[in-house]
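The next block is protein_6.cif, given as mmCIF, C-alpha atoms.
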```
data_coords
#
loop_
_atom_site.label_atom_id
_atom_site.label_comp_id
_atom_site.auth_asym_id
_atom_site.auth_seq_id
_atom_site.Cartn_x
_atom_site.Cartn_y
_atom_site.Cartn_z
CA MET Y 1 36.58 -17.93 -9.36
CA ALA Y 2 33.01 -17.99 -8.05
CA GLU Y 3 29.66 -18.53 -9.68
CA ILE Y 4 26.69 -16.26 -8.98
CA ILE Y 5 23.64 -18.50 -8.82
CA VAL Y 6 19.93 -17.66 -8.61
CA PRO Y 7 19.14 -18.62 -5.00
CA GLU Y 8 16.12 -20.39 -3.55
CA LEU Y 9 13.57 -17.63 -2.96
CA ALA Y 10 10.31 -19.25 -1.91
CA GLU Y 11 8.57 -22.56 -2.41
CA SER Y 12 6.25 -21.14 -5.09
CA ILE Y 13 8.95 -19.24 -7.01
CA THR Y 14 11.03 -21.26 -9.47
CA GLU Y 15 12.20 -18.58 -11.90
CA GLY Y 16 12.58 -14.85 -12.41
CA THR Y 17 13.53 -12.21 -14.94
CA ILE Y 18 16.75 -10.22 -14.84
CA ALA Y 19 15.57 -6.65 -14.37
CA THR Y 20 18.89 -4.81 -14.03
CA TRP Y 21 22.59 -5.58 -14.04
CA PHE Y 22 24.21 -3.36 -11.41
CA LYS Y 23 27.67 -4.56 -12.48
CA GLN Y 24 29.10 -4.98 -15.95
CA VAL Y 25 31.92 -7.20 -17.19
CA GLY Y 26 35.21 -5.82 -15.88
CA ASP Y 27 33.68 -4.09 -12.85
CA SER Y 28 35.11 -4.87 -9.44
CA VAL Y 29 32.76 -6.63 -7.04
CA SER Y 30 32.90 -6.87 -3.26
CA LYS Y 31 31.61 -9.78 -1.21
CA GLY Y 32 27.97 -9.12 -0.31
CA GLU Y 33 27.57 -6.45 -3.00
CA ALA Y 34 24.49 -6.57 -5.24
CA VAL Y 35 25.36 -7.59 -8.81
CA LEU Y 36 21.90 -7.77 -10.35
CA GLU Y 37 18.22 -7.32 -9.59
CA LEU Y 38 15.87 -10.24 -10.23
CA GLU Y 39 12.16 -9.64 -10.81
CA THR Y 40 9.99 -12.49 -9.57
CA ASP Y 41 6.25 -13.02 -9.54
CA LYS Y 42 5.91 -11.19 -6.23
CA VAL Y 43 8.95 -9.07 -5.40
CA ASN Y 44 12.24 -7.82 -6.78
CA VAL Y 45 15.31 -9.43 -5.22
CA GLU Y 46 18.92 -8.27 -5.31
CA ILE Y 47 21.42 -11.08 -6.01
CA VAL Y 48 24.78 -10.54 -4.33
CA SER Y 49 28.29 -11.85 -4.89
CA GLU Y 50 29.73 -14.33 -2.40
CA GLU Y 51 33.33 -13.34 -3.24
CA ASP Y 52 35.53 -10.30 -3.87
CA GLY Y 53 36.83 -9.99 -7.41
CA THR Y 54 35.99 -8.86 -10.92
CA LEU Y 55 32.83 -9.65 -12.87
CA GLN Y 56 34.24 -11.73 -15.69
CA GLU Y 57 31.11 -12.99 -17.42
CA GLN Y 58 27.38 -12.35 -17.64
CA LYS Y 59 25.56 -15.50 -18.68
CA ALA Y 60 22.21 -13.79 -19.28
CA GLU Y 61 20.95 -10.41 -20.41
CA GLU Y 62 18.43 -8.02 -18.94
CA GLY Y 63 14.97 -9.33 -19.77
CA ASP Y 64 16.05 -12.99 -19.83
CA THR Y 65 14.18 -15.54 -17.72
CA VAL Y 66 16.42 -17.54 -15.39
CA GLU Y 67 15.64 -20.44 -13.08
CA VAL Y 68 16.50 -21.07 -9.45
CA GLY Y 69 19.94 -22.70 -9.31
CA GLN Y 70 21.02 -21.30 -12.68
CA VAL Y 71 24.46 -19.69 -12.98
CA VAL Y 72 24.02 -16.10 -14.17
CA ALA Y 73 27.51 -14.65 -13.73
CA ILE Y 74 31.14 -15.46 -12.99
CA VAL Y 75 33.28 -13.49 -10.53
CA GLY Y 76 37.04 -14.06 -10.64
CA GLU Y 77 40.37 -12.46 -9.90
CA GLY Y 78 42.31 -10.10 -12.15
CA ALA Y 79 41.28 -8.04 -15.14
CA GLU Y 80 38.09 -8.48 -17.08
CA ALA Y 81 37.67 -11.39 -19.42
CA PRO Y 82 37.71 -10.86 -23.19
CA LYS Y 83 34.34 -9.66 -24.41
CA THR Y 84 32.63 -10.82 -27.58
CA ASP Y 85 29.98 -8.17 -27.31
CA VAL Y 86 29.54 -4.92 -25.43
CA PRO Y 87 26.97 -5.16 -22.63
CA LYS Y 88 26.29 -1.45 -22.24
CA GLU Y 89 24.10 0.67 -24.46
CA GLU Y 90 26.89 3.21 -24.89
CA MET Y 91 29.95 2.26 -26.97
CA THR Y 92 33.08 4.29 -27.61
CA GLU Y 93 34.53 4.86 -31.07
CA LYS Y 94 37.44 2.60 -30.20
CA THR Y 95 35.11 -0.18 -29.16
CA ILE Y 96 33.15 0.11 -32.38
CA GLU Y 97 36.29 -0.08 -34.47
CA VAL Y 98 37.52 -3.16 -32.58
CA THR Y 99 34.15 -4.81 -33.07
CA LYS Y 100 34.19 -4.04 -36.78
CA ASP Y 101 37.76 -5.29 -37.18
CA SER Y 102 36.95 -8.51 -35.35
CA ALA Y 103 34.04 -9.15 -37.66
CA VAL Y 104 36.04 -8.42 -40.81
CA GLU Y 105 38.95 -10.63 -39.78
CA SER Y 106 36.73 -13.60 -38.93
CA ASN Y 107 36.53 -16.68 -41.17
CA ASP Y 108 34.21 -17.09 -44.14
CA GLU Y 109 31.48 -18.67 -42.00
CA GLU Y 110 30.93 -15.37 -40.20
CA THR Y 111 27.48 -14.12 -41.16
CA GLU Y 112 26.57 -10.64 -42.27
CA GLN Y 113 24.38 -10.30 -39.18
CA SER Y 114 27.37 -10.63 -36.84
CA MET Y 115 29.16 -7.81 -38.65
CA ILE Y 116 26.44 -5.34 -37.71
CA VAL Y 117 27.58 -3.08 -34.86
CA ALA Y 118 24.78 -3.20 -32.30
CA THR Y 119 24.23 -3.25 -28.58
CA PRO Y 120 23.17 -6.56 -26.97
CA SER Y 121 19.77 -5.12 -26.08
CA ALA Y 122 19.26 -4.11 -29.72
CA ARG Y 123 20.25 -7.61 -30.93
CA LYS Y 124 17.88 -9.24 -28.44
CA LEU Y 125 15.02 -6.92 -29.40
CA ALA Y 126 15.62 -7.59 -33.09
CA ARG Y 127 15.49 -11.35 -32.48
CA GLU Y 128 12.20 -10.97 -30.59
CA LYS Y 129 10.67 -8.84 -33.35
CA GLY Y 130 12.07 -10.96 -36.19
CA ILE Y 131 13.92 -7.97 -37.66
CA ASP Y 132 17.14 -8.30 -39.68
CA LEU Y 133 19.62 -5.85 -38.15
CA LYS Y 134 21.10 -4.98 -41.54
CA ASP Y 135 17.73 -3.44 -42.45
CA VAL Y 136 17.70 -1.16 -39.40
CA ASN Y 137 18.75 2.46 -39.87
CA ALA Y 138 21.06 3.56 -37.04
CA ALA Y 139 20.58 7.11 -35.77
CA ASP Y 140 24.13 7.05 -34.39
CA PRO Y 141 26.50 8.59 -37.00
CA ARG Y 142 29.01 5.84 -36.23
CA GLY Y 143 26.53 3.18 -37.33
CA LEU Y 144 25.84 1.76 -33.87
CA VAL Y 145 22.37 0.18 -33.78
CA ARG Y 146 20.56 0.77 -30.50
CA SER Y 147 17.27 -0.49 -29.05
CA HIS Y 148 15.33 2.60 -30.10
CA ASP Y 149 16.55 2.12 -33.68
CA VAL Y 150 15.01 -1.35 -33.67
CA ASN Y 151 11.79 -0.01 -32.15
CA ASN Y 152 11.64 2.73 -34.77
CA HIS Y 153 12.22 0.28 -37.60
CA GLY Y 154 9.08 0.17 -39.76
CA ASN Y 155 7.84 3.66 -38.89
CA ALA Y 156 6.81 5.80 -41.84
CA PRO Y 157 9.98 7.97 -42.15
CA ALA Y 158 12.29 4.99 -41.93
CA GLU Y 159 10.22 2.97 -44.39
CA ALA Y 160 10.16 5.89 -46.84
CA ALA Y 161 13.94 6.19 -46.72
CA LYS Y 162 14.40 2.44 -47.14
CA ASN Y 163 12.00 2.23 -50.07
CA GLN Y 164 13.36 5.18 -52.04
CA ASP Y 165 14.98 2.99 -54.68
CA LYS Y 166 12.20 0.38 -54.84
CA PRO Y 167 9.63 0.25 -57.68
CA ALA Y 168 6.66 2.54 -57.20
CA VAL Y 169 4.26 -0.37 -57.57
CA LYS Y 170 5.42 -1.81 -54.27
CA GLU Y 171 4.74 1.46 -52.52
CA THR Y 172 1.24 1.72 -53.94
CA ASN Y 173 0.44 -1.89 -53.12
CA ALA Y 174 1.75 -1.66 -49.58
CA LYS Y 175 -0.95 -1.37 -46.92
CA PRO Y 176 -0.28 1.47 -44.46
CA GLU Y 177 -0.09 0.33 -40.86
CA LYS Y 178 -1.46 2.27 -37.89
CA PRO Y 179 1.20 3.20 -35.32
CA VAL Y 180 1.37 1.03 -32.21
CA ILE Y 181 3.75 0.55 -29.33
CA ARG Y 182 4.48 -3.04 -28.37
CA GLU Y 183 6.21 -3.88 -25.12
CA LYS Y 184 6.67 -7.10 -23.24
CA MET Y 185 4.60 -7.48 -20.10
CA SER Y 186 6.64 -7.49 -16.91
CA ARG Y 187 6.80 -10.76 -15.05
CA ARG Y 188 4.67 -9.29 -12.27
CA ARG Y 189 2.03 -8.05 -14.72
CA GLN Y 190 1.93 -11.49 -16.35
CA THR Y 191 1.48 -13.10 -12.95
CA ILE Y 192 -1.29 -10.69 -11.96
CA ALA Y 193 -3.07 -11.37 -15.25
CA ASN Y 194 -2.81 -15.15 -14.90
CA ARG Y 195 -3.95 -15.21 -11.28
CA LEU Y 196 -6.92 -12.93 -11.86
CA LEU Y 197 -7.98 -15.15 -14.75
CA ASP Y 198 -7.53 -18.29 -12.64
CA VAL Y 199 -9.65 -16.87 -9.82
CA SER Y 200 -12.45 -15.80 -12.16
CA GLN Y 201 -12.50 -19.27 -13.75
CA SER Y 202 -12.16 -21.37 -10.59
CA THR Y 203 -14.57 -19.63 -8.20
CA ALA Y 204 -18.32 -19.05 -8.12
CA MET Y 205 -17.84 -15.33 -7.61
CA LEU Y 206 -20.68 -12.95 -6.85
CA THR Y 207 -20.72 -9.35 -5.62
CA THR Y 208 -23.11 -7.68 -3.20
CA PHE Y 209 -23.31 -3.96 -2.45
CA ASN Y 210 -24.27 -1.55 0.29
CA GLU Y 211 -23.72 2.12 1.03
CA ILE Y 212 -22.33 3.80 4.11
CA ASP Y 213 -23.04 7.23 5.50
CA MET Y 214 -19.55 8.52 6.34
CA THR Y 215 -20.77 11.52 8.38
CA ALA Y 216 -20.00 10.13 11.83
CA VAL Y 217 -16.54 8.76 11.05
CA MET Y 218 -15.56 11.95 9.22
CA ASP Y 219 -16.68 14.06 12.17
CA LEU Y 220 -14.76 11.81 14.55
CA ARG Y 221 -11.59 12.10 12.48
CA LYS Y 222 -11.96 15.87 12.32
CA ARG Y 223 -12.32 16.15 16.10
CA LYS Y 224 -9.54 13.73 16.98
CA LYS Y 225 -6.99 14.04 14.16
CA ASP Y 226 -4.66 16.55 15.85
CA ALA Y 227 -4.63 14.71 19.17
CA PHE Y 228 -4.13 11.40 17.35
CA ILE Y 229 -1.12 12.73 15.43
CA GLU Y 230 0.43 14.20 18.57
CA ARG Y 231 -0.13 11.05 20.64
CA ASN Y 232 1.16 8.69 17.95
CA ASP Y 233 4.39 10.34 16.76
CA GLY Y 234 2.98 11.91 13.60
CA THR Y 235 0.86 8.97 12.46
CA LYS Y 236 -2.29 10.21 10.72
CA LEU Y 237 -5.74 8.77 11.36
CA GLY Y 238 -7.16 7.58 8.04
CA PHE Y 239 -10.23 5.65 6.96
CA MET Y 240 -8.34 2.38 6.43
CA SER Y 241 -7.88 1.67 10.14
CA PHE Y 242 -11.64 2.09 10.72
CA PHE Y 243 -12.49 -0.27 7.85
CA THR Y 244 -9.83 -2.76 8.90
CA LYS Y 245 -11.20 -2.88 12.43
CA ALA Y 246 -14.75 -3.17 11.09
CA VAL Y 247 -13.68 -6.03 8.81
CA VAL Y 248 -12.13 -7.91 11.74
CA ALA Y 249 -15.36 -7.57 13.73
CA ALA Y 250 -17.42 -8.75 10.75
CA LEU Y 251 -15.10 -11.71 10.13
CA LYS Y 252 -15.55 -12.81 13.74
CA LYS Y 253 -19.32 -12.64 13.29
CA TYR Y 254 -19.28 -14.41 9.91
CA PRO Y 255 -16.35 -16.90 10.00
CA ALA Y 256 -17.13 -18.36 6.56
CA VAL Y 257 -15.90 -15.08 5.03
CA ASN Y 258 -12.53 -15.84 6.64
CA ALA Y 259 -12.35 -19.37 5.23
CA GLU Y 260 -11.02 -21.10 2.15
CA ILE Y 261 -11.50 -24.41 0.35
CA ASP Y 262 -8.81 -27.09 0.59
CA GLY Y 263 -9.86 -30.08 -1.49
CA THR Y 264 -13.15 -31.18 0.06
CA ASP Y 265 -12.50 -29.35 3.34
CA LEU Y 266 -13.41 -25.88 4.50
CA VAL Y 267 -10.57 -24.26 6.43
CA TYR Y 268 -11.78 -21.62 8.89
CA LYS Y 269 -8.93 -19.26 9.75
CA GLN Y 270 -8.58 -18.26 13.36
CA PHE Y 271 -6.36 -15.29 12.58
CA TYR Y 272 -6.97 -11.88 11.02
CA ASP Y 273 -4.15 -11.03 8.63
CA ILE Y 274 -5.68 -8.40 6.36
CA ALA Y 275 -4.16 -7.76 2.93
CA ILE Y 276 -4.34 -4.13 1.79
CA ALA Y 277 -4.17 -3.61 -2.00
CA VAL Y 278 -1.52 -1.08 -3.03
CA SER Y 279 -1.18 0.37 -6.53
CA THR Y 280 2.33 0.35 -8.02
CA ASP Y 281 3.72 1.09 -11.47
CA GLU Y 282 3.52 -2.62 -12.32
CA GLY Y 283 0.04 -3.26 -10.92
CA LEU Y 284 -1.60 -4.04 -7.60
CA VAL Y 285 0.29 -5.80 -4.84
CA VAL Y 286 -1.30 -6.92 -1.59
CA PRO Y 287 1.00 -6.66 1.45
CA ILE Y 288 -0.48 -7.94 4.69
CA VAL Y 289 -1.09 -6.27 8.03
CA ARG Y 290 -0.71 -9.12 10.52
CA ASP Y 291 -2.85 -9.74 13.62
CA CYS Y 292 -5.19 -6.81 13.07
CA ASP Y 293 -7.39 -8.04 15.93
CA ARG Y 294 -4.51 -7.34 18.33
CA LYS Y 295 -3.48 -3.94 17.01
CA ASN Y 296 -4.86 -0.50 17.74
CA PHE Y 297 -5.74 2.13 15.15
CA ALA Y 298 -2.30 3.77 15.22
CA GLU Y 299 -0.46 0.47 14.75
CA ILE Y 300 -2.65 -0.43 11.79
CA GLU Y 301 -2.18 3.01 10.19
CA ARG Y 302 1.61 2.79 10.63
CA ASP Y 303 1.77 -0.70 9.15
CA ILE Y 304 -0.32 0.29 6.14
CA ALA Y 305 1.78 3.40 5.46
CA ASP Y 306 5.05 1.46 5.78
CA LEU Y 307 3.92 -1.42 3.56
CA ALA Y 308 2.55 0.95 0.90
CA THR Y 309 5.80 2.91 0.77
CA ARG Y 310 7.96 -0.20 0.47
CA ALA Y 311 5.60 -1.71 -2.11
CA ARG Y 312 6.13 1.28 -4.41
CA GLU Y 313 9.87 1.12 -3.78
CA LYS Y 314 9.89 -2.65 -4.55
CA LYS Y 315 11.28 -3.44 -1.11
CA LEU Y 316 8.62 -5.84 0.15
CA THR Y 317 9.67 -9.32 1.22
CA LEU Y 318 7.87 -12.47 0.13
CA ASP Y 319 6.67 -13.14 3.69
CA GLU Y 320 4.93 -9.76 3.75
CA MET Y 321 2.61 -10.83 0.92
CA ALA Y 322 1.93 -14.44 1.87
CA ASN Y 323 -0.99 -16.11 3.64
CA GLY Y 324 -3.43 -13.26 4.16
CA SER Y 325 -6.94 -14.18 5.27
CA PHE Y 326 -8.97 -11.34 3.70
CA THR Y 327 -8.31 -8.38 1.38
CA ILE Y 328 -9.42 -4.74 1.29
CA THR Y 329 -9.03 -2.66 -1.87
CA ASN Y 330 -9.79 1.04 -2.08
CA GLY Y 331 -10.63 2.17 -5.60
CA GLY Y 332 -11.97 5.37 -4.11
CA VAL Y 333 -8.50 6.90 -4.05
CA PHE Y 334 -8.70 6.97 -7.87
CA GLY Y 335 -12.27 8.25 -7.94
CA SER Y 336 -14.05 4.92 -8.50
CA LEU Y 337 -17.74 5.18 -7.58
CA MET Y 338 -18.51 1.46 -7.78
CA SER Y 339 -16.71 -1.73 -8.82
CA THR Y 340 -16.75 -5.52 -8.48
CA PRO Y 341 -13.29 -6.44 -7.13
CA ILE Y 342 -11.83 -9.86 -7.89
CA ILE Y 343 -11.06 -12.23 -5.01
CA ASN Y 344 -7.40 -12.46 -4.01
CA GLY Y 345 -5.98 -15.96 -4.51
CA THR Y 346 -7.58 -18.68 -2.40
CA GLN Y 347 -9.35 -16.26 -0.07
CA ALA Y 348 -13.13 -16.37 0.18
CA ALA Y 349 -13.90 -12.68 -0.27
CA ILE Y 350 -12.61 -9.13 -0.85
CA LEU Y 351 -14.03 -5.78 0.28
CA GLY Y 352 -14.06 -2.90 -2.19
CA MET Y 353 -14.15 0.67 -0.88
CA HIS Y 354 -15.06 3.56 -3.18
CA THR Y 355 -14.99 7.31 -3.43
CA ILE Y 356 -16.97 9.39 -0.95
CA GLN Y 357 -19.63 11.39 -2.76
CA ARG Y 358 -22.07 13.89 -1.30
CA ARG Y 359 -25.58 12.76 -2.26
CA PRO Y 360 -29.15 13.48 -1.15
CA VAL Y 361 -30.40 10.74 1.20
CA ALA Y 362 -33.56 10.25 3.22
CA ILE Y 363 -33.03 10.84 6.95
CA GLY Y 364 -36.36 10.02 8.51
CA ASP Y 365 -38.87 12.16 6.66
CA ASP Y 366 -36.25 14.68 5.56
CA ILE Y 367 -33.80 14.82 2.68
CA GLU Y 368 -30.22 15.69 3.59
CA ILE Y 369 -26.93 15.91 1.72
CA ARG Y 370 -24.60 13.30 3.23
CA PRO Y 371 -21.12 11.99 2.35
CA MET Y 372 -21.87 8.49 1.09
CA MET Y 373 -19.64 5.59 0.08
CA TYR Y 374 -20.63 2.50 -1.86
CA VAL Y 375 -18.96 -0.69 -0.62
CA ALA Y 376 -18.82 -4.02 -2.43
CA LEU Y 377 -18.13 -7.55 -1.23
CA SER Y 378 -17.06 -10.02 -3.92
CA TYR Y 379 -17.24 -13.54 -2.52
CA ASP Y 380 -16.96 -17.20 -3.44
CA HIS Y 381 -20.51 -18.51 -3.37
CA ARG Y 382 -19.20 -22.05 -2.84
CA ILE Y 383 -18.17 -20.98 0.67
CA ILE Y 384 -20.37 -18.01 1.55
CA ASP Y 385 -24.16 -17.89 1.31
CA GLY Y 386 -25.96 -14.78 0.16
CA SER Y 387 -27.36 -14.07 3.62
CA GLU Y 388 -23.84 -14.17 5.09
CA SER Y 389 -22.47 -11.78 2.47
CA VAL Y 390 -25.29 -9.31 3.07
CA GLY Y 391 -24.90 -9.62 6.84
CA PHE Y 392 -21.15 -9.10 6.59
CA LEU Y 393 -21.54 -5.83 4.68
CA LYS Y 394 -24.35 -4.70 6.96
CA THR Y 395 -22.09 -5.21 9.99
CA ILE Y 396 -19.37 -3.06 8.43
CA LYS Y 397 -21.95 -0.38 7.56
CA GLU Y 398 -23.27 -0.27 11.13
CA LEU Y 399 -19.78 -0.06 12.67
CA ILE Y 400 -18.57 2.70 10.35
CA GLU Y 401 -21.75 4.69 10.87
CA ASN Y 402 -21.28 4.28 14.64
CA PRO Y 403 -17.48 4.38 14.97
CA GLU Y 404 -17.56 4.51 18.78
CA ASP Y 405 -18.72 0.88 18.65
CA LEU Y 406 -15.37 -0.04 17.08
CA LEU Y 407 -13.71 0.84 20.37
CA LEU Y 408 -15.75 -1.89 22.03
CA GLU Y 409 -14.88 -4.33 19.23
CA GLY Y 410 -11.18 -3.40 19.49
#
```
In structure tokens, write the structure found in this file.
Amino acid sequence: MAEIIVPELAESITEGTIATWFKQVGDSVSKGEAVLELETDKVNVEIVSEEDGTLQEQKAEEGDTVEVGQVVAIVGEGAEAPKTDVPKEEMTEKTIEVTKDSAVESNDEETEQSMIVATPSARKLAREKGIDLKDVNAADPRGLVRSHDVNNHGNAPAEAAKNQDKPAVKETNAKPEKPVIREKMSRRRQTIANRLLDVSQSTAMLTTFNEIDMTAVMDLRKRKKDAFIERNDGTKLGFMSFFTKAVVAALKKYPAVNAEIDGTDLVYKQFYDIAIAVSTDEGLVVPIVRDCDRKNFAEIERDIADLATRAREKKLTLDEMANGSFTITNGGVFGSLMSTPIINGTQAAILGMHTIQRRPVAIGDDIEIRPMMYVALSYDHRIIDGSESVGFLKTIKELIENPEDLLLEG
């Protein structure tokens, strides 16, 4: 018999939430095979079995919070252990009858609640909502209460059916409720919310803006895109590599933007690990492209594409999101014209890119229609002075408007 224990994941991670059980009680398990998926603050981690055998017990349900070192399952030899409840949403007629019989044959201390035939997820949801399962109408003709039955409890049709035999006065006195959907925030969404709030409360954050004429860089991409793809095994030349290279050059010129506060010290980072914000179903994550000062455009584009893909597939490692020096976020991919991004963690600043919009601009004494992008730098005023923030953005503007200069910087 072997215990499956939540392993040490990272110094800052002490607990997680069980997202999915890949194996159920009675299933055979091979050594090294994933038994469950654990959702932590930063990444999802698969927990594997250290032994061959049969999953005999689950000590926590999906949605439960578990701590590092906690036993979450038992793997042993032989057939499955006796079950007091059915872990899967689906139940056979035979299973339902056995469950009913067990409840009926129990002693007098058995409560009416335990006699209700329900899935574990439905019982857990009912506990969270403070709903008595005996009041829930099961859609299943066999009387099996499922999660959606608990969620639907209290909706108008169900309430009408339940109140048919009640005095009319109670119906007239009852206040109608507007329909809502309540769902628990994922662990990652909770973490994002808490960290954004912490940053906004613990930094003297300001935002400065500028605008960039994208004509030159767009023309360069148009001229070179086919040759770039052919020379770099299908890698496309995007805007992110230009902005990443421009950021590195600006960080070298204004080192305070690449610093952070540690107690009463200012720590100036001598490396250029740029975090690129990626949108996922559960919110933004910020994987890091390492050593951007040493990489060419193609290497940066490949790294960004790979990290973005694995972020959306929840396959990033903790190391790939730790210890970045500066962050770039591109709200322009969603059509954002202007925003004030929030600083990432202990970093000193974050660059916000926005949508490219054709606007009339003055070119000398003439008015021309140019593709323009607003850029924003949110920064910690405790570290960075206003003149440095303006100079930083101006440097990026000049390099993007003269992209050939990036070759000299690179």
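Residues with any atom within 12 Å of the point (-12.3, 2.4, -12.1), counting all atoms listed in the file, are Thr329, Asn330, Gly331, Gly332, Val333, Phe334, Gly335, Ser336, Leu337, Met338, Ser339, Thr340, Pro341, Gly352, Met353, His354 and Thr355 of chain Y.
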Give me, as JSON lines, the closest atom pair and its distance (Å, one decimal) for every residue of stretch 319-407 of chain Y within a cut-off of 12 Å of stretch 294-314 of chain Y, counting all atoms listed in the file, rows sorted by chain and rising number.
```
{"residue": "Y:Glu320", "atom": "CA", "partner": "Y:Leu307", "partner_atom": "CA", "distance": 8.4}
{"residue": "Y:Met321", "atom": "CA", "partner": "Y:Leu307", "partner_atom": "CA", "distance": 9.9}
{"residue": "Y:Ile328", "atom": "CA", "partner": "Y:Ile304", "partner_atom": "CA", "distance": 11.5}
{"residue": "Y:Pro403", "atom": "CA", "partner": "Y:Phe297", "partner_atom": "CA", "distance": 12.0}
{"residue": "Y:Leu406", "atom": "CA", "partner": "Y:Phe297", "partner_atom": "CA", "distance": 10.1}
{"residue": "Y:Leu407", "atom": "CA", "partner": "Y:Asn296", "partner_atom": "CA", "distance": 9.3}
```
Smallest atom-to-atom distance to Y:Thr317: which of Y:Gln270, Y:Gln56, Y:Val286, Y:Thr346, using all atoms listed in the file? Y:Val286
Long-range neighbours of stretch 58-72 of chain Y as a list in words, 6 Å cut-off, all atoms listed in the file, 6 positions minimum in chain: Ile4, Ile5, Val6, Pro7, Glu8, Thr14, Glu15, Gly16, Thr17, Ile18, Ala19 and Thr20 of chain Y
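Remark: for Y:Lys252, the closest of the candidate residues Y:Ser387, Y:Gln357, Y:Thr395, Y:Thr203 is Y:Thr395 (distances computed over only C-alpha atoms).
With atom CA of Y:Ile181 on one side and atom CA of Y:Arg127 on the other, the separation reads 17.0 Å.
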Counting all atoms listed in the file, closest pick from Y:Asp380, Y:Glu211, Y:Asp41, Y:Asp262 relative to Y:Lys397 is Y:Glu211
Given the file shown, enumerate the residues that the PyMOL selection byres ((chain Y and resi 242) around 10) captures and present them as a PyMOL selection string. chain Y and resi 217+237-241+243-247+297+300-301+396+399-400+403+406-407
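What separates atom CA of Y:Glu282 from atom CA of Y:Glu128 is a distance of 21.9 Å.
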Interatomic distance (Å, one decimal) between atom CA of Y:Thr54 and atom CA of Y:Ser28: 4.3 Å
Please, could N, CA, C and O atoms be added to stretch 355-366 of chain Y and the result written as an mmCIF file, in the coordinates of the input?
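Ended up saving to result_37.cif:
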```cif
data_model
loop_
_atom_site.group_PDB
_atom_site.id
_atom_site.type_symbol
_atom_site.label_atom_id
_atom_site.label_comp_id
_atom_site.auth_asym_id
_atom_site.auth_seq_id
_atom_site.Cartn_x
_atom_site.Cartn_y
_atom_site.Cartn_z
ATOM 1 N N THR Y 355 -15.109 5.894 -3.731
ATOM 2 C CA THR Y 355 -14.990 7.310 -3.430
ATOM 3 C C THR Y 355 -16.171 7.811 -2.600
ATOM 4 O O THR Y 355 -17.293 7.293 -2.706
ATOM 5 N N ILE Y 356 -15.921 8.786 -1.767
ATOM 6 C CA ILE Y 356 -16.970 9.390 -0.950
ATOM 7 C C ILE Y 356 -17.613 10.513 -1.772
ATOM 8 O O ILE Y 356 -16.930 11.412 -2.254
ATOM 9 N N GLN Y 357 -18.905 10.429 -1.942
ATOM 10 C CA GLN Y 357 -19.630 11.390 -2.760
ATOM 11 C C GLN Y 357 -20.812 11.942 -1.987
ATOM 12 O O GLN Y 357 -21.591 11.187 -1.408
ATOM 13 N N ARG Y 358 -20.939 13.258 -1.990
ATOM 14 C CA ARG Y 358 -22.070 13.890 -1.300
ATOM 15 C C ARG Y 358 -23.325 13.712 -2.155
ATOM 16 O O ARG Y 358 -23.379 14.127 -3.308
ATOM 17 N N ARG Y 359 -24.347 13.052 -1.543
ATOM 18 C CA ARG Y 359 -25.580 12.760 -2.260
ATOM 19 C C ARG Y 359 -26.787 13.037 -1.365
ATOM 20 O O ARG Y 359 -26.693 12.934 -0.135
ATOM 21 N N PRO Y 360 -27.934 13.334 -1.956
ATOM 22 C CA PRO Y 360 -29.150 13.480 -1.150
ATOM 23 C C PRO Y 360 -29.631 12.117 -0.667
ATOM 24 O O PRO Y 360 -29.751 11.173 -1.463
ATOM 25 N N VAL Y 361 -29.902 11.996 0.622
ATOM 26 C CA VAL Y 361 -30.400 10.740 1.200
ATOM 27 C C VAL Y 361 -31.551 11.064 2.134
ATOM 28 O O VAL Y 361 -31.663 12.172 2.673
ATOM 29 N N ALA Y 362 -32.418 10.083 2.321
ATOM 30 C CA ALA Y 362 -33.560 10.250 3.220
ATOM 31 C C ALA Y 362 -33.118 9.983 4.655
ATOM 32 O O ALA Y 362 -32.621 8.900 4.969
ATOM 33 N N ILE Y 363 -33.301 10.980 5.519
ATOM 34 C CA ILE Y 363 -33.030 10.840 6.950
ATOM 35 C C ILE Y 363 -34.374 11.037 7.651
ATOM 36 O O ILE Y 363 -34.832 12.169 7.845
ATOM 37 N N GLY Y 364 -34.997 9.925 8.002
ATOM 38 C CA GLY Y 364 -36.360 10.020 8.510
ATOM 39 C C GLY Y 364 -37.270 10.504 7.390
ATOM 40 O O GLY Y 364 -37.304 9.932 6.297
ATOM 41 N N ASP Y 365 -37.987 11.583 7.669
ATOM 42 C CA ASP Y 365 -38.870 12.160 6.660
ATOM 43 C C ASP Y 365 -38.215 13.307 5.896
ATOM 44 O O ASP Y 365 -38.865 13.956 5.061
ATOM 45 N N ASP Y 366 -36.951 13.570 6.188
ATOM 46 C CA ASP Y 366 -36.250 14.680 5.560
ATOM 47 C C ASP Y 366 -35.231 14.184 4.536
ATOM 48 O O ASP Y 366 -34.787 13.036 4.582
#
```
